[in-house]
file data24.txt (compact mmCIF, C-alpha atoms)
# COMPACT_ATOMS: atom_id res chain seq x y z
CA MET A 274 -12.82 -23.92 -19.95
CA ALA A 275 -14.40 -21.69 -17.29
CA GLU A 276 -12.14 -20.80 -14.39
CA ASP A 277 -13.17 -21.48 -10.80
CA LEU A 278 -13.40 -17.80 -9.94
CA LYS A 279 -15.41 -16.06 -7.26
CA LEU A 280 -15.42 -12.38 -6.37
CA PHE A 281 -16.64 -11.21 -2.99
CA ARG A 282 -17.66 -7.57 -3.24
CA THR A 283 -20.29 -4.98 -2.36
CA TRP A 284 -22.46 -3.14 -4.90
CA SER A 285 -20.60 0.13 -4.38
CA SER A 286 -17.08 -0.51 -3.10
CA PRO A 287 -14.63 1.33 -5.37
CA TYR A 288 -11.94 -1.20 -4.49
CA SER A 289 -14.19 -4.04 -5.62
CA LEU A 290 -14.97 -2.16 -8.83
CA ARG A 291 -11.29 -2.30 -9.74
CA ILE A 292 -11.52 -6.08 -9.83
CA VAL A 293 -14.85 -6.14 -11.65
CA HIS A 294 -13.33 -4.00 -14.40
CA ALA A 295 -10.09 -5.96 -14.53
CA LEU A 296 -11.93 -9.26 -14.93
CA LYS A 297 -14.05 -7.74 -17.69
CA ILE A 298 -10.98 -6.44 -19.53
CA LYS A 299 -9.42 -9.89 -19.33
CA GLY A 300 -12.65 -11.48 -20.57
CA LEU A 301 -12.99 -13.74 -17.54
CA GLU A 302 -16.19 -15.26 -16.20
CA TYR A 303 -16.75 -15.54 -12.49
CA ASP A 304 -19.35 -15.84 -9.74
CA THR A 305 -20.19 -12.81 -7.66
CA VAL A 306 -20.89 -12.91 -3.95
CA LEU A 307 -22.50 -9.65 -2.86
CA GLU A 308 -21.69 -8.83 0.74
CA ASP A 309 -23.44 -6.68 3.30
CA LEU A 310 -20.59 -5.27 5.37
CA SER A 311 -22.83 -4.74 8.38
CA ASN A 312 -23.44 -8.49 8.37
CA LYS A 313 -20.36 -10.20 6.92
CA SER A 314 -20.72 -13.75 5.69
CA GLU A 315 -18.81 -16.63 7.22
CA SER A 316 -17.09 -17.13 3.90
CA LEU A 317 -15.80 -13.56 3.87
CA LEU A 318 -14.40 -13.98 7.36
CA LYS A 319 -12.88 -17.31 6.39
CA TYR A 320 -11.22 -15.97 3.24
CA ASN A 321 -10.04 -12.67 4.72
CA PRO A 322 -9.59 -13.19 8.47
CA ILE A 323 -6.89 -10.49 8.69
CA HIS A 324 -8.75 -7.49 7.30
CA LYS A 325 -12.31 -8.85 7.01
CA LYS A 326 -12.85 -6.68 3.92
CA VAL A 327 -13.83 -6.83 0.28
CA PRO A 328 -12.80 -7.38 -2.44
CA ILE A 329 -11.64 -10.99 -2.20
CA LEU A 330 -10.90 -12.99 -5.32
CA VAL A 331 -11.08 -16.73 -4.80
CA HIS A 332 -9.38 -18.71 -7.57
CA ASN A 333 -9.52 -22.50 -7.41
CA GLY A 334 -10.52 -22.18 -3.75
CA LYS A 335 -7.56 -19.96 -2.85
CA PRO A 336 -8.25 -16.39 -1.68
CA ILE A 337 -6.36 -13.28 -2.69
CA CYS A 338 -7.04 -10.05 -0.76
CA GLU A 339 -6.22 -6.34 -1.13
CA SER A 340 -7.38 -4.90 -4.45
CA LEU A 341 -3.99 -3.82 -5.81
CA VAL A 342 -2.51 -7.23 -4.95
CA ILE A 343 -5.49 -8.86 -6.69
CA LEU A 344 -4.94 -6.72 -9.82
CA GLU A 345 -1.34 -7.90 -10.08
CA TYR A 346 -2.41 -11.51 -9.51
CA ILE A 347 -4.96 -11.27 -12.30
CA ASP A 348 -2.39 -9.72 -14.62
CA GLU A 349 0.22 -12.39 -13.88
CA THR A 350 -2.19 -15.31 -14.18
CA TRP A 351 -4.04 -14.26 -17.36
CA LYS A 352 -1.64 -12.71 -19.86
CA GLN A 353 -4.17 -11.38 -22.40
CA SER A 354 -4.86 -7.61 -22.41
CA PRO A 355 -1.98 -6.75 -20.04
CA LEU A 356 -2.81 -4.25 -17.29
CA LEU A 357 0.70 -3.38 -16.11
CA PRO A 358 3.53 -2.15 -18.36
CA GLN A 359 6.31 -4.61 -19.19
CA ASP A 360 9.17 -2.26 -18.47
CA PRO A 361 10.30 -2.52 -14.80
CA TYR A 362 10.64 1.26 -14.40
CA GLU A 363 7.20 1.96 -15.87
CA LYS A 364 5.79 -0.79 -13.67
CA ALA A 365 7.40 0.77 -10.58
CA MET A 366 5.88 4.13 -11.53
CA ALA A 367 2.41 2.61 -11.91
CA ARG A 368 2.70 0.98 -8.49
CA PHE A 369 4.00 4.20 -6.95
CA TRP A 370 1.13 6.31 -8.27
CA ALA A 371 -1.49 3.73 -7.30
CA LYS A 372 -0.13 3.77 -3.74
CA PHE A 373 -0.11 7.58 -3.76
CA GLY A 374 -3.72 7.56 -4.91
CA ASP A 375 -4.85 5.22 -2.15
CA GLU A 376 -2.79 6.73 0.64
CA LYS A 377 -2.77 10.45 -0.07
CA VAL A 378 -5.34 11.46 -2.67
CA LEU A 379 -8.22 9.40 -1.35
CA LEU A 380 -7.50 10.64 2.16
CA SER A 381 -7.46 14.30 1.20
CA ILE A 382 -10.62 14.03 -0.91
CA TRP A 383 -12.45 12.11 1.82
CA SER A 384 -11.33 14.75 4.29
CA ALA A 385 -12.61 17.53 2.01
CA PHE A 386 -15.90 15.65 1.70
CA THR A 387 -16.45 15.06 5.41
CA SER A 388 -15.04 18.18 7.03
CA GLN A 389 -16.21 21.76 7.31
CA GLY A 390 -14.86 25.25 7.76
CA LYS A 391 -11.11 25.67 8.12
CA GLU A 392 -10.46 21.92 8.17
CA GLN A 393 -12.25 21.59 4.84
CA GLU A 394 -10.29 24.48 3.35
CA GLU A 395 -7.04 22.77 4.32
CA ALA A 396 -8.22 19.45 2.90
CA ILE A 397 -9.18 21.15 -0.37
CA ALA A 398 -5.72 22.75 -0.58
CA THR A 399 -4.00 19.40 0.03
CA THR A 400 -6.24 17.80 -2.59
CA ALA A 401 -5.30 20.50 -5.11
CA ASN A 402 -1.62 19.78 -4.54
CA ASN A 403 -2.12 16.04 -4.91
CA LEU A 404 -4.19 16.42 -8.09
CA LYS A 405 -1.44 18.51 -9.71
CA PHE A 406 0.90 15.53 -9.52
CA ILE A 407 -1.71 13.28 -11.11
CA GLU A 408 -2.47 15.77 -13.86
CA GLU A 409 1.22 15.69 -14.82
CA GLN A 410 1.13 11.93 -15.21
CA LEU A 411 -1.41 12.25 -18.01
CA LYS A 412 0.74 14.44 -20.29
CA GLY A 413 0.64 13.03 -23.82
CA LYS A 414 -1.61 10.15 -22.81
CA LYS A 415 -5.29 9.33 -23.16
CA PHE A 416 -5.22 6.91 -20.25
CA PHE A 417 -2.61 6.41 -17.53
CA GLY A 418 -1.96 3.09 -19.23
CA GLY A 419 -1.37 4.82 -22.58
CA GLU A 420 -3.84 4.11 -25.38
CA THR A 421 -5.87 1.64 -23.35
CA ILE A 422 -7.07 1.34 -19.78
CA GLY A 423 -4.51 -0.26 -17.50
CA TYR A 424 -3.63 -0.90 -13.87
CA LEU A 425 -3.28 2.73 -12.90
CA ASP A 426 -6.54 3.74 -14.58
CA LEU A 427 -8.29 1.03 -12.60
CA ALA A 428 -6.50 2.17 -9.43
CA PHE A 429 -7.64 5.75 -10.01
CA GLY A 430 -11.08 4.73 -11.20
CA TRP A 431 -12.68 5.75 -7.90
CA MET A 432 -11.91 9.37 -8.84
CA ALA A 433 -13.96 9.15 -12.02
CA ASN A 434 -16.77 7.55 -10.04
CA LEU A 435 -16.83 9.38 -6.73
CA ILE A 436 -15.52 12.91 -7.20
CA SER A 437 -18.57 14.25 -9.05
CA ILE A 438 -20.81 12.61 -6.44
CA PHE A 439 -18.91 14.30 -3.61
CA GLU A 440 -18.98 17.59 -5.51
CA GLU A 441 -22.75 17.34 -5.92
CA ILE A 442 -23.36 16.54 -2.26
CA CYS A 443 -21.03 19.22 -0.89
CA ASN A 444 -21.69 21.78 -3.57
CA LEU A 445 -18.00 22.37 -4.16
CA LYS A 446 -15.64 21.90 -7.11
CA LEU A 447 -12.67 19.62 -6.58
CA VAL A 448 -11.64 18.94 -10.16
CA ASP A 449 -12.08 22.13 -12.14
CA ALA A 450 -11.75 21.36 -15.86
CA GLU A 451 -9.81 24.59 -16.36
CA LEU A 452 -7.26 23.77 -13.69
CA TYR A 453 -7.07 20.04 -14.48
CA PRO A 454 -7.92 19.68 -18.17
CA LEU A 455 -6.16 16.33 -18.61
CA LEU A 456 -7.65 14.80 -15.48
CA SER A 457 -11.15 16.03 -16.36
CA THR A 458 -10.86 14.57 -19.85
CA TRP A 459 -9.53 11.33 -18.41
CA MET A 460 -12.48 11.10 -16.01
CA ASP A 461 -14.87 11.43 -18.97
CA ASN A 462 -12.98 8.97 -21.16
CA PHE A 463 -12.74 6.43 -18.37
CA SER A 464 -16.39 6.71 -17.32
CA ASN A 465 -17.60 6.45 -20.91
CA ASP A 466 -15.45 3.52 -21.90
CA PRO A 467 -17.88 0.68 -22.75
CA VAL A 468 -16.20 -1.78 -20.36
CA ILE A 469 -16.38 0.65 -17.46
CA LYS A 470 -19.77 2.21 -18.21
CA GLU A 471 -21.53 -1.14 -18.29
CA LEU A 472 -20.52 -1.87 -14.71
CA TRP A 473 -20.85 1.54 -13.05
CA PRO A 474 -22.93 1.44 -9.84
CA PRO A 475 -26.22 3.42 -10.11
CA ARG A 476 -25.53 7.09 -9.43
CA ASP A 477 -28.68 7.87 -7.47
CA ARG A 478 -27.98 5.04 -5.04
CA MET A 479 -24.38 6.24 -4.68
CA VAL A 480 -25.52 9.81 -3.91
CA GLU A 481 -27.93 8.48 -1.32
CA LYS A 482 -25.29 6.27 0.26
CA PHE A 483 -22.64 8.94 0.53
CA LYS A 484 -25.08 11.57 1.79
CA ALA A 485 -25.87 9.16 4.62
CA MET A 486 -22.15 8.51 5.25
CA ARG A 487 -21.52 12.25 5.52
CA GLU A 488 -24.28 12.86 8.09
CA PRO A 489 -22.38 11.87 11.27
CA TYR A 490 -19.53 14.22 10.30
CA LEU A 491 -21.90 17.16 9.85
CA SER A 492 -23.33 16.82 13.32
CA LYS A 493 -19.85 17.11 14.85
CA VAL A 494 -19.48 20.33 16.81
CA ILE A 495 -16.80 22.57 15.39
CA VAL A 496 -14.84 24.24 18.16
CA MET B 485 13.88 0.36 8.45
CA PHE B 486 12.78 1.15 4.91
CA GLY B 487 16.15 2.17 3.50
CA MET B 488 17.63 -1.01 4.99
CA ARG B 489 15.27 -3.10 2.88
CA VAL B 490 16.79 -1.73 -0.31
CA ARG B 491 20.32 -2.34 0.98
CA VAL B 492 19.45 -5.96 1.83
CA ALA B 493 17.89 -6.54 -1.61
CA LEU B 494 20.88 -5.04 -3.45
CA ALA B 495 23.29 -7.06 -1.32
CA GLU B 496 21.34 -10.28 -1.94
CA LYS B 497 21.67 -9.65 -5.67
CA GLY B 498 25.34 -8.67 -5.38
CA ILE B 499 24.73 -5.28 -6.96
CA GLU B 500 27.18 -2.47 -6.35
CA TYR B 501 25.89 1.00 -5.75
CA GLU B 502 26.76 4.41 -4.42
CA ARG B 503 25.26 5.30 -1.10
CA ARG B 504 24.17 8.81 -0.16
CA GLU B 505 23.06 9.65 3.34
CA ASP B 506 20.51 12.33 3.89
CA ASN B 507 19.56 14.24 7.02
CA LEU B 508 15.79 14.08 7.30
CA ALA B 509 15.73 17.07 9.62
CA ASN B 510 17.41 19.07 6.87
CA LYS B 511 16.65 17.46 3.53
CA SER B 512 19.01 18.01 0.63
CA GLN B 513 17.90 19.69 -2.57
CA PHE B 514 18.84 16.48 -4.35
CA LEU B 515 16.43 14.41 -2.27
CA LEU B 516 13.63 16.92 -2.82
CA GLU B 517 14.20 16.75 -6.57
CA MET B 518 14.32 12.96 -6.64
CA ASN B 519 11.25 12.48 -4.42
CA PRO B 520 9.15 15.65 -4.67
CA ILE B 521 5.95 13.81 -3.76
CA HIS B 522 6.86 12.30 -0.41
CA LYS B 523 10.28 13.91 0.23
CA LYS B 524 11.40 10.70 1.92
CA VAL B 525 14.07 8.03 1.75
CA PRO B 526 14.80 5.53 0.41
CA VAL B 527 15.14 6.61 -3.20
CA LEU B 528 16.93 4.36 -5.67
CA ILE B 529 18.35 6.11 -8.69
CA HIS B 530 19.06 3.79 -11.60
CA ASN B 531 20.37 5.25 -14.83
CA LYS B 532 19.33 8.68 -13.55
CA LYS B 533 15.70 7.61 -12.97
CA PRO B 534 14.39 7.69 -9.37
CA ILE B 535 12.23 4.97 -7.84
CA CYS B 536 10.61 5.60 -4.45
CA GLU B 537 8.81 3.58 -1.75
CA SER B 538 10.88 0.70 -0.36
CA LEU B 539 8.79 -2.32 -1.40
CA ILE B 540 8.27 -0.85 -4.85
CA ILE B 541 12.05 -0.44 -5.09
CA VAL B 542 12.62 -4.05 -3.94
CA GLN B 543 10.22 -5.29 -6.63
CA TYR B 544 11.99 -3.12 -9.21
CA ILE B 545 15.37 -4.58 -8.20
CA GLU B 546 13.86 -8.06 -8.44
CA GLU B 547 12.55 -7.40 -11.96
CA VAL B 548 15.67 -5.73 -13.35
CA TRP B 549 18.14 -8.23 -11.92
CA LYS B 550 15.85 -11.20 -12.26
CA ASP B 551 18.52 -13.80 -12.92
CA LYS B 552 20.35 -13.22 -9.66
CA SER B 553 19.02 -14.71 -6.38
CA PRO B 554 15.28 -14.33 -7.01
CA LEU B 555 13.40 -12.78 -4.11
CA LEU B 556 9.87 -13.54 -5.30
CA PRO B 557 8.50 -16.98 -6.24
CA SER B 558 7.45 -17.57 -9.84
CA ASP B 559 3.94 -18.79 -8.92
CA PRO B 560 1.41 -15.89 -9.10
CA TYR B 561 -0.52 -17.05 -6.02
CA GLN B 562 2.60 -17.19 -3.87
CA ARG B 563 3.66 -13.80 -5.22
CA ALA B 564 0.25 -12.42 -4.25
CA GLN B 565 0.65 -13.83 -0.73
CA ALA B 566 4.09 -12.21 -0.40
CA ARG B 567 2.72 -8.85 -1.58
CA PHE B 568 -0.28 -9.14 0.74
CA TRP B 569 1.91 -9.70 3.79
CA GLY B 570 4.35 -6.99 2.69
CA ASP B 571 1.40 -4.59 2.64
CA PHE B 572 0.32 -5.91 6.06
CA ILE B 573 3.78 -5.22 7.48
CA ASP B 574 3.81 -1.70 6.08
CA LYS B 575 0.42 -0.93 7.54
CA LYS B 576 -0.04 -2.90 10.76
CA VAL B 577 3.45 -3.62 12.03
CA TYR B 578 4.77 -0.17 11.15
CA GLU B 579 1.73 1.62 12.56
CA SER B 580 1.67 -0.19 15.89
CA GLY B 581 5.47 -0.09 16.19
CA THR B 582 5.47 3.65 15.61
CA LYS B 583 2.72 4.11 18.19
CA ILE B 584 4.81 2.24 20.76
CA TRP B 585 7.60 4.77 20.64
CA THR B 586 5.44 7.86 20.15
CA THR B 587 2.85 7.33 22.89
CA LYS B 588 2.50 6.49 26.55
CA GLY B 589 0.02 5.06 29.05
CA GLU B 590 -3.10 3.38 27.67
CA GLU B 591 -2.27 4.24 24.05
CA LEU B 592 1.13 2.61 24.45
CA GLU B 593 -0.40 -0.53 25.98
CA LYS B 594 -2.85 -0.84 23.10
CA ALA B 595 -0.06 -0.34 20.56
CA LYS B 596 1.96 -3.08 22.26
CA LYS B 597 -0.97 -5.45 22.08
CA ASP B 598 -1.56 -4.68 18.37
CA PHE B 599 2.14 -5.00 17.61
CA ILE B 600 2.45 -8.41 19.27
CA GLU B 601 -0.74 -9.60 17.57
CA SER B 602 0.66 -8.58 14.18
CA LEU B 603 3.95 -10.35 14.82
CA LYS B 604 2.08 -13.48 15.94
CA LEU B 605 0.12 -13.50 12.67
CA LEU B 606 3.38 -13.25 10.77
CA GLU B 607 4.88 -16.01 12.91
CA GLY B 608 1.89 -18.14 11.90
CA GLU B 609 2.55 -17.35 8.26
CA LEU B 610 6.19 -18.43 8.67
CA GLY B 611 5.11 -21.79 10.07
CA ASP B 612 7.91 -24.33 10.10
CA GLU B 613 9.78 -22.96 7.10
CA PRO B 614 13.24 -21.48 7.56
CA TYR B 615 12.21 -18.29 5.75
CA PHE B 616 8.99 -16.58 4.66
CA GLY B 617 10.21 -17.35 1.16
CA GLY B 618 10.24 -21.09 2.09
CA GLU B 619 13.66 -22.68 1.69
CA GLU B 620 15.06 -19.46 0.31
CA PHE B 621 15.33 -15.97 1.77
CA GLY B 622 12.92 -13.72 -0.15
CA TYR B 623 10.84 -10.58 -0.50
CA LEU B 624 8.85 -10.97 2.68
CA ASP B 625 11.97 -11.74 4.70
CA VAL B 626 13.46 -8.50 3.35
CA ALA B 627 10.27 -6.61 4.23
CA LEU B 628 10.21 -7.72 7.86
CA ILE B 629 13.82 -8.31 8.94
CA THR B 630 14.71 -4.63 8.88
CA PHE B 631 12.20 -4.01 11.68
CA TYR B 632 14.48 -6.11 13.89
CA SER B 633 16.79 -3.13 14.26
CA TRP B 634 13.88 -1.37 16.01
CA PHE B 635 12.88 -4.28 18.28
CA HIS B 636 15.22 -3.24 21.08
CA ALA B 637 13.71 0.27 21.09
CA TYR B 638 10.14 -1.07 21.15
CA GLU B 639 10.98 -3.56 23.91
CA THR B 640 12.72 -0.94 26.04
CA ILE B 641 9.93 1.61 25.75
CA GLY B 642 7.11 -0.92 26.01
CA ASP B 643 8.84 -2.97 28.68
CA PHE B 644 8.22 -6.33 27.04
CA SER B 645 10.09 -9.14 25.35
CA ILE B 646 9.29 -10.02 21.76
CA GLU B 647 11.06 -13.36 22.17
CA GLN B 648 8.65 -14.30 24.95
CA HIS B 649 5.64 -13.80 22.68
CA CYS B 650 7.15 -14.91 19.36
CA PRO B 651 10.02 -17.35 19.94
CA LYS B 652 9.84 -18.84 16.44
CA LEU B 653 10.04 -15.40 14.90
CA MET B 654 13.19 -14.65 16.89
CA GLU B 655 14.72 -17.90 15.61
CA TRP B 656 13.97 -16.63 12.12
CA VAL B 657 15.63 -13.31 13.02
CA LYS B 658 18.81 -15.12 14.12
CA ARG B 659 18.80 -17.12 10.90
CA CYS B 660 18.48 -13.96 8.80
CA MET B 661 21.18 -12.16 10.76
CA GLU B 662 23.61 -14.92 9.74
CA ARG B 663 23.32 -13.62 6.18
CA GLU B 664 25.88 -10.96 5.40
CA SER B 665 23.36 -9.06 3.26
CA VAL B 666 21.27 -8.59 6.40
CA SER B 667 23.86 -8.14 9.13
CA LYS B 668 25.72 -5.50 7.11
CA SER B 669 22.57 -3.60 6.16
CA LEU B 670 20.73 -3.31 9.44
CA GLY B 671 21.10 -0.35 11.75
CA ASP B 672 22.55 -0.69 15.24
CA PRO B 673 19.60 -1.46 17.58
CA HIS B 674 21.26 0.37 20.48
CA LYS B 675 21.85 3.52 18.46
CA ILE B 676 18.23 3.43 17.29
CA CYS B 677 16.99 2.92 20.85
CA ASP B 678 19.09 5.83 22.13
CA PHE B 679 17.85 8.03 19.29
CA VAL B 680 14.21 7.19 19.96
CA LEU B 681 14.55 7.72 23.72
CA MET B 682 16.10 11.11 22.99
CA LEU B 683 13.15 12.01 20.77
CA ARG B 684 10.67 10.90 23.42
CA LYS B 685 12.38 13.18 25.91
CA LYS B 686 12.56 16.03 23.42
CA TYR B 687 8.84 15.89 22.64
CA GLY B 688 7.85 15.29 26.25
CA ILE B 689 6.29 11.91 25.49
CA ASP B 690 7.85 10.40 28.58
CA GLN B 691 6.34 12.87 31.02

call {"tool": "encode", "arguments": {"input": "data24.txt", "output": "structure tokens"}}
result
Amino acid sequence: MAEDLKLFRTWSSPYSLRIVHALKIKGLEYDTVLEDLSNKSESLLKYNPIHKKVPILVHNGKPICESLVILEYIDETWKQSPLLPQDPYEKAMARFWAKFGDEKVLLSIWSAFTSQGKEQEEAIATTANNLKFIEEQLKGKKFFGGETIGYLDLAFGWMANLISIFEEICNLKLVDAELYPLLSTWMDNFSNDPVIKELWPPRDRMVEKFKAMREPYLSKVIV
Amino acid sequence: MFGMRVRVALAEKGIEYERREDNLANKSQFLLEMNPIHKKVPVLIHNKKPICESLIIVQYIEEVWKDKSPLLPSDPYQRAQARFWGDFIDKKVYESGTKIWTTKGEELEKAKKDFIESLKLLEGELGDEPYFGGEEFGYLDVALITFYSWFHAYETIGDFSIEQHCPKLMEWVKRCMERESVSKSLGDPHKICDFVLMLRKKYGIDQ
């Protein structure tokens, strides 16, 4: 029996992609509502009045917001192909690293992407430090989830998608395969996994989008 | 307010533990080893394994000692709502609260406005229930109640009354404070206020 499932997302949002991939892994069918964030639909504002953001998963008419919260909801509601480990300690670790990724790593990489000169150098150094921690988490594992893609792989998925795009636009190397062999391999394995690959947003459109997003930062005067 | 959350959760579950204080102006080697990423408290060490980040610790406690006084509902949708609001508290309430005591003038006024707005949203979420967990004290109550120890500091610096804007929320506070797990775990609001006023003076925020 098909579930009453709707996903509000944009074509490129990395947070939305987490949910797209999770639903695919769980083998769930759903309706997609593509949003234009410069012109948010009434439904989006109704379902997420607090943050007014995507993704929003609406299940049986009830909305769930915030991508990591949605991932846990999906995992708890549909038990096939588990995303989170069963062990409470391993689960806590997965949650911890996902939070670290969203709060620290994403910030430092975005900063490296949008800044210049000394500020960029500092952002690159912070990124390097952050990536070292992540590299360590992959020791002895193909994916962060172990043999198969799990919650933390989906949480870190934006790295596999966006880092090479940022590197291309800025002409700098953030994830050097020699310095981060495990992370580089993971990025390849993740991107090439059939479930993930099928739903990757088109690269040329992504490059175009992020080049445009970087523009306002470039015209800032550096004192 | 984050360390207090863990104390409340452990007390609710009746779990005994050893407490170690740390001086954040001079962090111990032990803390740095247990939390090398953020170098912060709280850190829960269970069977020699460290868990960091207060709400992650509370969820861990909930999952390990699941048969004692459950803090999260069993329904996935209600769990998602609790996690959503916990995240909201960590981002919006904490951010605006922090801005209240670290800024002045226009920035302070804006922070006050944001803070009150956030509390009002939470008050709406509480509705007519005794606790955010419904009939029972739960995860979201743990997440928010520890901020109460900072209310006096915010009100003093911002020159406003939280009770005036959110009377129902203050009723909820009183209800929570009747629980020993809460009253014994929260910091002294006057000590916190004095500490924060001292910091404001030290960093010249008041001038």

call {"tool": "closest_residue", "arguments": {"input": "data24.txt", "among": "A:Ile442, A:Leu357, A:Met432, A:Leu330", "to": "Leu380 of chain A", "atoms": "all atoms listed in the file"}}
result
A:Met432

call {"tool": "atom_distance", "arguments": {"input": "data24.txt", "atom1": "atom CA of Phe572 of chain B", "atom2": "atom CA of Ile323 of chain A"}}
result
8.9 Å

call {"tool": "atom_distance", "arguments": {"input": "data24.txt", "atom1": "atom CA of Lys658 of chain B", "atom2": "atom CA of Tyr632 of chain B"}}
result
10.0 Å

call {"tool": "closest_residue", "arguments": {"input": "data24.txt", "among": "A:Ser388, A:Asn465, A:Thr399, A:Gln410", "to": "Pro489 of chain A", "atoms": "all atoms listed in the file"}}
result
A:Ser388

call {"tool": "residues_around", "arguments": {"input": "data24.txt", "residues": "Lys594 of chain B", "least_positions_apart": "4", "cutoff": "9 Å", "atoms": "only C-alpha atoms", "output": "list of chain:residue names"}}
result
B:Ser580, B:Lys583, B:Ile584, B:Gly589, B:Glu590, B:Asp598, B:Phe599

call {"tool": "interface_residues", "arguments": {"input": "data24.txt", "of": "chain B", "to": "chain A", "cutoff": "8 Å", "atoms": "all atoms listed in the file", "output": "compact mmCIF listing (two decimals) with C-alpha atoms, in the frame of the given file"}}
result
# COMPACT_ATOMS: atom_id res chain seq x y z
CA ILE B 521 5.95 13.81 -3.76
CA ILE B 535 12.23 4.97 -7.84
CA CYS B 536 10.61 5.60 -4.45
CA GLU B 537 8.81 3.58 -1.75
CA ILE B 540 8.27 -0.85 -4.85
CA ILE B 541 12.05 -0.44 -5.09
CA GLN B 543 10.22 -5.29 -6.63
CA TYR B 544 11.99 -3.12 -9.21
CA GLU B 547 12.55 -7.40 -11.96
CA VAL B 548 15.67 -5.73 -13.35
CA PRO B 560 1.41 -15.89 -9.10
CA TYR B 561 -0.52 -17.05 -6.02
CA ARG B 563 3.66 -13.80 -5.22
CA ALA B 564 0.25 -12.42 -4.25
CA GLN B 565 0.65 -13.83 -0.73
CA ARG B 567 2.72 -8.85 -1.58
CA PHE B 568 -0.28 -9.14 0.74

call {"tool": "atom_distance", "arguments": {"input": "data24.txt", "atom1": "atom CA of Pro467 of chain A", "atom2": "atom CA of Lys297 of chain A"}}
result
10.5 Å

call {"tool": "residues_around", "arguments": {"input": "data24.txt", "residues": "Lys405 of chain A", "least_positions_apart": "3", "cutoff": "12 Å", "atoms": "all atoms listed in the file", "output": "NGL selection string"}}
result
(:A and (378 or 398-402 or 408-412 or 447-449 or 452-456)) or (:B and (521))

call {"tool": "residues_around", "arguments": {"input": "data24.txt", "residues": "segment 601-613 of chain B", "least_positions_apart": "5", "cutoff": "12 Å", "atoms": "only C-alpha atoms", "output": "compact mmCIF listing (two decimals) with C-alpha atoms, in the frame of the given file"}}
result
# COMPACT_ATOMS: atom_id res chain seq x y z
CA PRO A 322 -9.59 -13.19 8.47
CA ILE A 323 -6.89 -10.49 8.69
CA HIS A 324 -8.75 -7.49 7.30
CA GLN B 565 0.65 -13.83 -0.73
CA ALA B 566 4.09 -12.21 -0.40
CA PHE B 568 -0.28 -9.14 0.74
CA TRP B 569 1.91 -9.70 3.79
CA GLY B 570 4.35 -6.99 2.69
CA PHE B 572 0.32 -5.91 6.06
CA ILE B 573 3.78 -5.22 7.48
CA ASP B 574 3.81 -1.70 6.08
CA LYS B 575 0.42 -0.93 7.54
CA LYS B 576 -0.04 -2.90 10.76
CA VAL B 577 3.45 -3.62 12.03
CA TYR B 578 4.77 -0.17 11.15
CA GLU B 579 1.73 1.62 12.56
CA SER B 580 1.67 -0.19 15.89
CA GLY B 581 5.47 -0.09 16.19
CA LYS B 594 -2.85 -0.84 23.10
CA ALA B 595 -0.06 -0.34 20.56
CA LYS B 596 1.96 -3.08 22.26
CA GLY B 618 10.24 -21.09 2.09
CA GLU B 619 13.66 -22.68 1.69
CA GLU B 620 15.06 -19.46 0.31
CA PHE B 621 15.33 -15.97 1.77
CA LEU B 624 8.85 -10.97 2.68
CA ASP B 625 11.97 -11.74 4.70
CA ALA B 627 10.27 -6.61 4.23
CA LEU B 628 10.21 -7.72 7.86
CA ILE B 629 13.82 -8.31 8.94
CA PHE B 631 12.20 -4.01 11.68
CA TYR B 632 14.48 -6.11 13.89
CA PHE B 635 12.88 -4.28 18.28
CA ILE B 646 9.29 -10.02 21.76
CA GLU B 647 11.06 -13.36 22.17
CA GLN B 648 8.65 -14.30 24.95
CA HIS B 649 5.64 -13.80 22.68
CA CYS B 650 7.15 -14.91 19.36
CA PRO B 651 10.02 -17.35 19.94
CA LYS B 652 9.84 -18.84 16.44
CA LEU B 653 10.04 -15.40 14.90
CA MET B 654 13.19 -14.65 16.89
CA GLU B 655 14.72 -17.90 15.61
CA TRP B 656 13.97 -16.63 12.12
CA VAL B 657 15.63 -13.31 13.02
CA ARG B 659 18.80 -17.12 10.90

call {"tool": "closest_atom_pairs", "arguments": {"input": "data24.txt", "of": "segment 520-592 of chain B", "to": "segment 498-504 of chain B", "cutoff": "12 Å", "atoms": "only C-alpha atoms", "output": "Markdown table"}}
result
| residue | atom | partner | partner_atom | distance |
| --- | --- | --- | --- | --- |
| B:Val525 | CA | B:Arg504 | CA | 10.3 |
| B:Pro526 | CA | B:Arg504 | CA | 9.9 |
| B:Val527 | CA | B:Arg504 | CA | 9.8 |
| B:Leu528 | CA | B:Arg503 | CA | 9.5 |
| B:Ile529 | CA | B:Tyr501 | CA | 9.6 |
| B:His530 | CA | B:Tyr501 | CA | 9.4 |
| B:Asn531 | CA | B:Tyr501 | CA | 11.4 |
| B:Ile545 | CA | B:Ile499 | CA | 9.5 |
| B:Glu546 | CA | B:Ile499 | CA | 11.3 |
| B:Val548 | CA | B:Ile499 | CA | 11.1 |
| B:Trp549 | CA | B:Ile499 | CA | 8.8 |
| B:Lys550 | CA | B:Ile499 | CA | 11.9 |
| B:Asp551 | CA | B:Gly498 | CA | 11.4 |
| B:Lys552 | CA | B:Gly498 | CA | 8.0 |
| B:Ser553 | CA | B:Gly498 | CA | 8.8 |
| B:Pro554 | CA | B:Gly498 | CA | 11.7 |

call {"tool": "residues_around", "arguments": {"input": "data24.txt", "residues": "Ser633 of chain B", "least_positions_apart": "2", "cutoff": "10 Å", "atoms": "only C-alpha atoms", "output": "list in words"}}
result
Met485, Met488, Ile629, Thr630, Phe631, Phe635, His636, Ala637, Tyr638, Ser669, Leu670, Gly671, Asp672, Pro673, His674, Lys675, Ile676 and Cys677 of chain B
